[in-house]
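File shown: work_12.cif. Contents: mmCIF, C-alpha atoms.
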```
data_structure
loop_
_atom_site.label_atom_id
_atom_site.label_comp_id
_atom_site.auth_asym_id
_atom_site.auth_seq_id
_atom_site.Cartn_x
_atom_site.Cartn_y
_atom_site.Cartn_z
CA MET A 238 -37.95 87.15 -11.28
CA GLY A 239 -36.08 90.00 -9.66
CA GLY A 240 -34.93 88.32 -6.42
CA GLU A 241 -31.35 87.13 -6.44
CA MET A 242 -30.98 83.41 -5.86
CA VAL A 243 -29.12 82.62 -2.68
CA ARG A 244 -26.41 80.01 -3.09
CA GLN A 245 -26.61 77.18 -0.61
CA ALA A 246 -23.65 75.62 1.13
CA LEU A 247 -23.57 72.49 3.25
CA ILE A 248 -20.91 72.05 5.91
CA VAL A 249 -20.24 68.53 7.14
CA ASP A 250 -17.98 68.84 10.15
CA ASP A 251 -18.19 67.40 13.64
CA SER A 252 -16.55 70.44 15.18
CA ASP A 253 -19.15 72.96 16.30
CA THR A 254 -16.56 75.72 16.24
CA ASP A 255 -15.52 75.04 12.65
CA GLN A 256 -19.17 74.76 11.63
CA LEU A 257 -19.88 78.13 13.23
CA VAL A 258 -16.84 79.82 11.71
CA VAL A 259 -17.52 78.56 8.18
CA CYS A 260 -21.27 79.24 8.43
CA THR A 261 -20.62 82.78 9.65
CA PHE A 262 -18.15 83.50 6.85
CA LEU A 263 -20.49 82.03 4.26
CA GLU A 264 -23.53 83.91 5.49
CA ALA A 265 -21.51 87.14 5.46
CA LEU A 266 -20.78 86.41 1.80
CA GLY A 267 -24.47 86.00 1.09
CA PHE A 268 -24.65 82.21 1.13
CA GLY A 269 -27.29 80.17 2.83
CA ALA A 270 -25.49 77.70 5.09
CA LEU A 271 -26.63 74.37 6.46
CA SER A 272 -24.53 72.16 8.65
CA ALA A 273 -24.32 68.53 9.69
CA SER A 274 -22.13 66.79 12.24
CA THR A 275 -22.37 63.28 10.86
CA ILE A 276 -22.10 61.69 7.45
CA ALA A 277 -25.65 60.36 7.71
CA ASP A 278 -27.07 63.82 8.38
CA GLY A 279 -24.84 65.33 5.74
CA TYR A 280 -25.98 62.78 3.20
CA GLU A 281 -29.62 63.40 3.97
CA LEU A 282 -29.23 67.17 3.74
CA ALA A 283 -27.23 66.89 0.52
CA LEU A 284 -29.97 64.80 -1.06
CA ALA A 285 -32.75 67.03 0.19
CA THR A 286 -31.23 70.41 -0.67
CA GLU A 287 -28.72 69.69 -3.46
CA PRO A 288 -26.49 72.55 -2.31
CA ASP A 289 -24.21 74.59 -4.58
CA VAL A 290 -21.15 73.58 -2.62
CA ILE A 291 -20.28 71.11 0.14
CA PHE A 292 -17.57 71.68 2.72
CA LEU A 293 -16.47 68.33 4.05
CA ASP A 294 -14.26 67.54 7.00
CA LEU A 295 -12.05 64.48 6.47
CA LEU A 296 -11.71 63.55 10.13
CA LEU A 297 -15.18 63.16 11.52
CA SER A 298 -15.44 61.38 14.85
CA HIS A 299 -15.67 57.63 14.12
CA GLU A 300 -16.36 58.38 10.48
CA ASP A 301 -14.25 58.76 7.40
CA GLY A 302 -15.02 61.90 5.44
CA PHE A 303 -13.03 60.53 2.54
CA GLN A 304 -15.46 57.63 2.13
CA PHE A 305 -18.27 60.16 2.09
CA LEU A 306 -16.49 62.04 -0.70
CA LEU A 307 -16.28 58.84 -2.75
CA ARG A 308 -19.93 58.09 -2.08
CA LEU A 309 -21.06 61.55 -3.15
CA LYS A 310 -19.00 61.36 -6.32
CA LYS A 311 -20.65 58.07 -7.25
CA MET A 312 -24.15 59.49 -6.98
CA GLU A 313 -25.47 60.87 -10.23
CA LYS A 314 -27.68 63.39 -8.45
CA LEU A 315 -24.84 64.81 -6.34
CA ARG A 316 -21.64 64.17 -8.22
CA GLU A 317 -21.57 67.59 -9.93
CA ILE A 318 -21.69 69.50 -6.64
CA PRO A 319 -18.23 70.92 -5.91
CA ILE A 320 -16.79 69.59 -2.69
CA ILE A 321 -14.22 71.56 -0.74
CA ILE A 322 -12.37 69.48 1.80
CA LEU A 323 -11.98 71.09 5.20
CA SER A 324 -9.15 69.53 7.11
CA SER A 325 -6.35 70.14 9.51
CA ILE A 326 -4.31 67.58 7.57
CA GLY A 327 -2.11 69.49 5.17
CA ASP A 328 0.17 66.81 3.76
CA MET A 329 0.62 66.45 0.04
CA ASP A 330 -0.64 62.84 -0.12
CA THR A 331 -3.97 63.60 1.53
CA ILE A 332 -4.56 66.72 -0.56
CA PHE A 333 -3.58 64.89 -3.75
CA LYS A 334 -5.74 61.86 -2.90
CA SER A 335 -8.72 64.10 -2.23
CA ILE A 336 -8.37 65.96 -5.51
CA GLU A 337 -7.75 62.72 -7.43
CA ASN A 338 -11.00 61.41 -6.04
CA GLY A 339 -13.11 64.36 -7.03
CA ALA A 340 -12.68 67.11 -4.45
CA SER A 341 -12.76 70.49 -6.18
CA ASP A 342 -10.54 72.17 -3.63
CA TYR A 343 -9.01 71.74 -0.23
CA LEU A 344 -9.03 74.10 2.73
CA ILE A 345 -6.47 73.56 5.42
CA LYS A 346 -7.73 74.55 8.87
CA PRO A 347 -7.86 77.00 10.49
CA VAL A 348 -10.27 78.61 8.08
CA TYR A 349 -9.68 82.25 7.22
CA ARG A 350 -12.25 84.41 5.54
CA GLU A 351 -9.84 85.30 2.71
CA THR A 352 -9.02 81.65 2.11
CA LEU A 353 -12.67 80.73 1.91
CA LEU A 354 -13.38 83.64 -0.40
CA LYS A 355 -10.50 82.63 -2.63
CA LYS A 356 -11.73 79.04 -2.91
CA LEU A 357 -15.27 80.13 -3.71
CA THR A 358 -14.03 82.63 -6.28
CA GLY A 359 -11.78 79.99 -7.83
CA LEU A 360 -14.77 77.71 -8.27
CA GLY A 361 -16.89 80.45 -9.78
CA LEU A 362 -19.27 80.47 -6.83
CA TYR A 363 -18.52 83.99 -5.73
CA GLY A 364 -17.54 87.29 -7.33
CA SER A 365 -17.14 87.90 -11.05
CA LYS A 366 -17.34 84.26 -12.05
CA ALA A 367 -20.47 83.58 -10.01
CA MET B 195 -15.68 28.51 -94.68
CA GLN B 196 -14.72 26.21 -97.56
CA ASP B 197 -11.99 28.66 -98.48
CA PHE B 198 -10.60 28.42 -94.99
CA VAL B 199 -10.66 24.60 -95.07
CA ASP B 200 -8.92 24.67 -98.40
CA LEU B 201 -6.38 27.05 -97.00
CA LEU B 202 -5.73 24.70 -94.10
CA LYS B 203 -5.37 21.76 -96.46
CA SER B 204 -2.96 23.71 -98.65
CA ASN B 205 -0.33 23.67 -95.92
CA SER B 206 0.53 27.23 -96.86
CA PRO B 207 3.64 28.60 -95.15
CA VAL B 208 1.82 31.91 -94.71
CA LEU B 209 -0.94 30.17 -92.83
CA LEU B 210 1.53 28.26 -90.69
CA ALA B 211 3.29 31.50 -89.91
CA ILE B 212 0.01 33.16 -88.97
CA ILE B 213 -0.97 30.21 -86.76
CA GLY B 214 2.45 30.18 -85.13
CA LEU B 215 2.33 33.93 -84.52
CA ALA B 216 -1.19 33.75 -83.12
CA SER B 217 -0.22 30.92 -80.85
CA THR B 218 2.87 32.79 -79.61
CA LEU B 219 0.83 35.92 -79.11
CA GLY B 220 -1.80 33.94 -77.18
CA MET B 221 0.82 32.36 -74.98
CA TYR B 222 2.37 35.75 -74.39
CA VAL B 223 -0.95 37.34 -73.44
CA LEU B 224 -1.79 34.49 -71.10
CA GLY B 225 1.65 34.67 -69.53
CA GLU B 226 1.44 38.43 -69.13
CA ASN B 227 -1.98 38.13 -67.62
CA LYS B 228 -0.73 35.56 -65.16
CA SER B 229 2.27 37.66 -64.14
CA ILE B 230 0.11 40.80 -63.78
CA ARG B 231 -2.26 38.87 -61.56
CA LYS B 232 0.65 37.56 -59.55
CA GLU B 233 2.02 41.11 -59.14
CA LEU B 234 -1.40 42.42 -58.18
CA ARG B 235 -1.82 39.70 -55.60
CA LYS B 236 1.56 40.59 -54.14
CA GLU B 237 0.66 44.27 -54.07
CA VAL B 238 -2.66 43.54 -52.36
CA LYS B 239 -0.82 41.38 -49.83
CA ASP B 240 1.70 44.20 -49.21
CA LEU B 241 -1.08 46.73 -48.85
CA LYS B 242 -2.84 44.48 -46.37
CA GLN B 243 0.39 44.28 -44.38
CA ASP B 244 0.74 48.07 -44.52
CA ILE B 245 -2.83 48.53 -43.31
CA LEU B 246 -2.21 46.11 -40.45
CA GLY B 247 0.97 48.00 -39.56
CA LEU B 248 -0.84 51.35 -39.65
CA LYS B 249 -3.65 49.91 -37.57
CA GLY B 250 -1.10 48.76 -35.00
CA GLU B 251 0.53 52.19 -35.01
CA LEU B 252 -2.84 53.86 -34.58
CA ILE B 253 -3.70 51.66 -31.60
CA GLY B 254 -0.25 52.35 -30.15
CA SER B 255 -0.67 56.11 -30.65
CA LYS B 256 -4.13 56.03 -29.10
CA LYS B 257 -2.74 54.22 -26.05
CA LYS B 258 0.12 56.72 -25.80
CA TYR B 259 -2.37 59.59 -26.05
CA GLU B 260 -4.54 58.09 -23.31
CA LYS B 261 -1.49 57.60 -21.10
CA LEU B 262 -0.42 61.21 -21.73
CA GLN B 263 -3.90 62.41 -20.84
CA GLU B 264 -3.75 60.37 -17.62
CA ASP B 265 -0.32 61.77 -16.78
CA HIS B 266 -1.52 65.27 -17.59
CA LEU B 267 -4.46 64.92 -15.21
CA LYS B 268 -2.23 63.49 -12.52
CA LEU B 269 0.23 66.37 -12.91
CA LYS B 270 -2.64 68.84 -12.83
CA HIS B 271 -3.85 67.32 -9.56
CA GLN B 272 -0.33 67.36 -8.13
CA TYR B 273 0.01 70.97 -9.16
CA MET B 274 -3.29 71.77 -7.44
CA ALA B 275 -2.20 69.97 -4.28
CA LEU B 276 1.12 71.83 -4.24
CA SER B 277 -0.64 75.15 -4.83
CA ILE B 278 -2.97 74.45 -1.92
CA GLN B 279 -0.01 73.69 0.31
CA LEU B 280 1.80 76.79 -0.89
CA ASP B 281 -1.28 78.92 -0.25
CA ASP B 282 -1.46 77.58 3.27
CA ILE B 283 2.23 78.24 3.91
CA VAL B 284 1.95 81.78 2.55
CA ARG B 285 -1.18 82.42 4.60
CA LYS B 286 0.46 81.17 7.79
CA PHE B 287 4.06 82.28 7.50
CA VAL B 288 4.34 85.26 5.14
CA PRO B 289 3.66 88.65 6.77
CA PRO B 290 0.32 90.07 5.58
CA GLU B 291 1.97 93.04 3.87
CA HIS B 292 3.90 90.65 1.57
CA GLN B 293 1.10 88.20 0.88
CA GLY B 294 -0.10 90.29 -2.07
CA GLN B 295 2.73 89.04 -4.25
CA TYR B 296 1.40 85.50 -3.78
CA GLY B 297 -2.09 86.40 -4.89
CA TRP B 298 -3.50 86.97 -1.44
CA ARG B 299 -5.38 90.20 -1.77
CA ASN B 300 -9.16 90.47 -2.03
CA GLY B 301 -9.42 86.83 -3.04
CA GLU B 302 -8.91 87.88 -6.64
CA THR B 303 -6.61 85.15 -7.78
CA SER B 304 -6.12 81.53 -7.08
CA ALA B 305 -2.97 79.67 -8.05
CA HIS B 306 -4.94 76.50 -8.66
CA SER B 307 -8.10 77.77 -10.22
CA GLY B 308 -9.13 76.69 -13.68
#
```
As structure tokens, what does this structure read like?
Amino acid sequence: MGGEMVRQALIVDDSDTDQLVVCTFLEALGFGALSASTIADGYELALATEPDVIFLDLLLSHEDGFQFLLRLKKMEKLREIPIIILSSIGDMDTIFKSIENGASDYLIKPVYRETLLKKLTGLGLYGSKA
Amino acid sequence: MQDFVDLLKSNSPVLLAIIGLASTLGMYVLGENKSIRKELRKEVKDLKQDILGLKGELIGSKKKYEKLQEDHLKLKHQYMALSIQLDDIVRKFVPPEHQGQYGWRNGETSAHSG
């Protein structure tokens, strides 16, 4: 009672810089942020912490973030967690495919604070809807 | 009973008329009954056909509705994807002082939320 619950975010991205940028923005917004560089680590952290939101890079080195998205959406325990795709790919087909397969939103890199805020607000994870 | 037998034996024209009338009436009733049954059977058959037709229409409508729902979802996703692209273009190419008209102030609005 009394203490505000901190929302948890998980960032799955193999770029240290992007991880740092997103984590910093999220922490400034009052989120707890965890990060993983591989799908395996991301999967483990997702299962262990059941975060409020997952930021997922599509182009992980030697790994396909899209397959991870499909896998998460098939898991009963994790399928309700909103997933925001983080990607430098901004073409219509990729964005559409991601949303069709369960992504809640899509963030085209580079990540700006306002963009991140807007996505979180849109999903009801920040601001008046939260 | 004896009176009736006597009456039959008398060959009375009245009796013959009564018997003839009764027989005609009987035939008529039987015939009517048969034609009513025939009509009813036809009506039942027609109703069955109507029900089958309606059932077919219902299935067709249900399929159309499901297809519309699918199309609606697909359009919604396309709209979301386009909004995301538009947001990115605005963010990158529109001067900050004009971004407000595209919903880019304080993260208050999102073109693809909801």
inquiry  = When the PyMOL selection byres ((chain A) within 8 of (chain B)) is applied to the structure above, which residues does it catch, written out as a list in words?
reply    = Gly327, Asp328, Met329, Ile332, Phe333, Ile336, Glu337, Tyr343, Leu344, Ile345, Glu351, Thr352, Leu354, Lys355, Lys356, Thr358, Gly359 and Leu360 of chain A
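Here atom CA of Ser325 of chain A is placed at a distance of 13.7 Å from atom CA of Ser298 of chain A.
Interatomic distance, atom CA of Gln245 of chain A against atom CA of Gly269 of chain A: 4.6 Å.
Taking atom CA of Ala285 of chain A and atom CA of Glu317 of chain A as the two end points, the separation is 15.1 Å.
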task = Give as an NGL selection string the residues that the PyMOL selection byres ((chain A and resi 246) around 7) matches when applied to the coordinates above.
result = :A and (244-245 or 247-248 or 268-271 or 288-291)
What does the PyMOL selection byres ((chain A and resi 258) around 12) select in this file, as a tab-separated table (two decimals) with C-alpha atoms, in the frame of the given file?
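Saved as part15.tsv:
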```
chain	number	residue	atom	x	y	z
A	248	ILE	CA	-20.91	72.05	5.91
A	250	ASP	CA	-17.98	68.84	10.15
A	252	SER	CA	-16.55	70.44	15.18
A	253	ASP	CA	-19.15	72.96	16.30
A	254	THR	CA	-16.56	75.72	16.24
A	255	ASP	CA	-15.52	75.04	12.65
A	256	GLN	CA	-19.17	74.76	11.63
A	257	LEU	CA	-19.88	78.13	13.23
A	259	VAL	CA	-17.52	78.56	8.18
A	260	CYS	CA	-21.27	79.24	8.43
A	261	THR	CA	-20.62	82.78	9.65
A	262	PHE	CA	-18.15	83.50	6.85
A	263	LEU	CA	-20.49	82.03	4.26
A	264	GLU	CA	-23.53	83.91	5.49
A	265	ALA	CA	-21.51	87.14	5.46
A	270	ALA	CA	-25.49	77.70	5.09
A	272	SER	CA	-24.53	72.16	8.65
A	323	LEU	CA	-11.98	71.09	5.20
A	346	LYS	CA	-7.73	74.55	8.87
A	347	PRO	CA	-7.86	77.00	10.49
A	348	VAL	CA	-10.27	78.61	8.08
A	349	TYR	CA	-9.68	82.25	7.22
A	350	ARG	CA	-12.25	84.41	5.54
A	353	LEU	CA	-12.67	80.73	1.91
```
Once 5 Å is added on each side, what centre and edge lengths in Å to one decimal does the axis-aligned box around all listed atoms of segment 298-312 of chain A have, as JSON?
```
{"center_x": -18.6, "center_y": 59.8, "center_z": 3.8, "size_x": 21.1, "size_y": 14.4, "size_z": 32.1}
```
query = Using only C-alpha atoms, which of the listed residues (A:Ala340, A:Val243, A:Leu362, A:Glu281) sits closest to Arg316 of chain A?
reply = A:Ala340
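Compared by their closest atoms to Thr275 of chain A, and using all atoms listed in the file, the residues A:Glu287, A:Asp251, A:Asp342, A:Pro319 rank with A:Asp251 nearest.
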ask   = If we count only C-alpha atoms, what is near Gly339 of chain A at a cut-off of 8 Å, once residues fewer than 6 positions away on the same chain are taken out, given as number ranges by chain?
value = A: 306-307, 310, 320
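Minimum atom-to-atom distance to Leu282 of chain A, evaluated using all atoms listed in the file, belongs to A:Val249 out of A:Ser341, A:Val249, A:Asp330, A:Ser335.
Proximity ranking of A:Thr331, A:His299, A:Met242, A:Leu284 relative to Lys314 of chain A places A:Leu284 first, based on all atoms listed in the file.
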